[in-house]
Every structure is written in C-alpha cells, then in structure tokens.
Amino acid sequence: MDKGNALHRTRRIGTGLAFIIFPLVFVFAFAGHPGLLSPHLLGPEEMILRARNAPFLQFGHALVTLNTALLVVVALHFMRLLDRGSAAWGGFLGGALAILGALMLAADKGALCLTMSALDTLPESEFAGMMPGLLAMFSKEGWLVLLWGLLLLPIGFAIQAVALLGSQTLPRWQGILFLVGVLFVGTPDGAEIINLTAAILLAVAFVPYGIQIVRNGTRSASAQPFADT
C-alpha cells in the first residue's frame with residue numbers, strides 16, 4: 001500500500017510539474033528570439049541566417065525539444081479528465097492529435113534547429129557551401145514535409161480546450177486562456193512576440209493549476225480528485 005501511495009504521489013507531482021514547466025519553457029524560448037520587437041515573417045534563408053552563431057536561440061530550441069515530453073503528459077492528463085460524457089471523444093481525439101503534433105515538434109526542432117548548433121563549428125566558407133542543402137531542409141522539401149504535422153499540436157489542444165470548456169471541467173477563465181494560447185503559440189517564425197504572448201497566457205492558466213496538483217491533487221473547477229487517482 002505504501003509503495004502504491006508513493007507511486008501515486010510521484011505521478012501526481014510529476015503531472016503538476018509538467019503543467020508548471022512546459023509553459024515557462026515556451027516563455028523562455030520565445031523571449032530569446034532575436035528581433036522580438038520587430039515582427040515580420042521569415043523565409044527559409046532568413047531563418048538559417050538568424051540561427052547561425054546564435055547559441056542562446058539554439059539553447060531555447062533544445063529546451064523546447066525536451067519540453068515535448070511534458071506536452072504528452074498534459075495531453076494524457078486531459079484525456080483522463082475528459083473520459084466521461086459527451087466530452088470524452090473531444091478529449092481522446094484532441095489528445096491523440098496533440099501527442100502526434102508533439103512528436104512532430106520534436107522532429108522539427110531536431111532537424112531544423114539543433115543541427116544548426118553543429119554547423120556553427122564550421123568556418124564560413126564551408127557553411128556557405130551547405131546553403132543549398134539547408135534551404136531545401138528549411139523549405140521542408142522531401143519527407144521533411146511531414147514536419148507540417150506539428151500543426152496537429154495546437155489543433156489537438158484546441159479540441160481539448162473546447163471540450164474542457166463545454167464540460168466545465170476547468171474554470172472558464174483557465175479554459176479560455178488555454179484555447180487562446182494554443183491557437184496563437186504556433187504563429188510562424190518571425191512573429192515570436194505573438195508566440196511569447198500566447199505562452200504567457202498558457203503560463204497564467206497552467207502554473208497555478210500545476211501548483212494545485214502538486215499540493216493536493218484537486219481540480220480547480222470542482223475540488224474533486226484527479227482522474228489518475
């Protein structure tokens with residue numbers, strides 16, 4: 001029994017920490033983008049040159065890559081909360097899409113972002129010779145077109161947010177911030193000020209939620225035990 005209680009407590013604390021950490025990582029990562037206050041959409045070449053010799057930007061991308069694991073925890077948590085009634089299908093479908101999108105986000109950061117840190121070790125002459133290949137990568141040519149699947153992440157979470165609002169599983173203000181945040185957190189490269197604002201909205205919604213899970217494992221809406229108990 002003690003082992004079971006310890007496992008349950010570990011799961012509960014881990015879930016709460018996921019809700020606290022994941023939006024804060026997004027806030028940190030988006031805040032570290034250069035040209036934050038001069039938003040404009042970037043083409044593939046501009047994205048490559050922006051990532052060149054930008055260790056702080058690449059560190060943020062590395063954190064986002066690791067952060068995708070926490071997004072899976074969040075999606076599964078909401079699937080469990082929405083496992084009854086008319087919202088169950090929304091929880092399941094949204095969670096499935098969000099998890100698939102999280103995997104694509106990890107692939108995107110690995111293929112197009114973390115590789116740039118390795119290329120920083122090359123002299124400019126050699127780097128210039130690799131530009132045609134990099135342009136093909138950042139244009140998502142070939143099988144890299146699958147990386148567009150990262151759009152499933154905000155779509156899936158938006159479905160879950162609507163289901164949470166409809167079932168009143170979360171307080172209305174948290175559900176609305178969740179919905180607005182996930183719809184705008186995927187704004188294209190170059191307009192990270194919008195991504196940052198969306199990430200802050202997610203932090204406002206979920207950091208208190210995560211703290212409450214860590215402390216007592218109760219939902220904000222009804223103070224009932226979480227579904228993973």
# chains A, B, ... in the order shown; residues from 1 in each chain; ligands from 1
call {"tool": "residues_around", "arguments": {"residues": "Leu112 (chain A)", "least_positions_apart": "6", "cutoff": "10 Å", "atoms": "only C-alpha atoms", "output": "list in words"}}
result
Met47, Ile48, Ala51, His61, Leu134, Met137, Phe138, Ser139, Lys140, Leu144 and Leu147 of chain A
call {"tool": "select_by_dssp", "arguments": {"residues": "chain A", "states": "helix (DSSP H, G or I)", "output": "VMD selection string"}}
result
chain A and resid 2 to 31 44 to 51 55 to 81 85 to 119 124 to 129 131 to 138 142 to 167 172 to 184 192 to 216
call {"tool": "residues_around", "arguments": {"residues": "Ala98 (chain A)", "least_positions_apart": "5", "cutoff": "7 Å", "atoms": "only C-alpha atoms", "output": "list in words"}}
result
Ala75, Leu152, Leu153, Pro154, Gly156 and Phe157 of chain A
call {"tool": "residues_around", "arguments": {"residues": "Phe184 (chain A)", "least_positions_apart": "2", "cutoff": "8 Å", "atoms": "only C-alpha atoms", "output": "count of residues only"}}
result
8
call {"tool": "residues_around", "arguments": {"residues": "Leu71 (chain A)", "least_positions_apart": "2", "cutoff": "8 Å", "atoms": "only C-alpha atoms", "output": "list in words"}}
result
Ala18, Phe22, Asn67, Thr68, Ala69, Val73, Val74, Ala75, Ala98, Ile99 and Ala102 of chain A
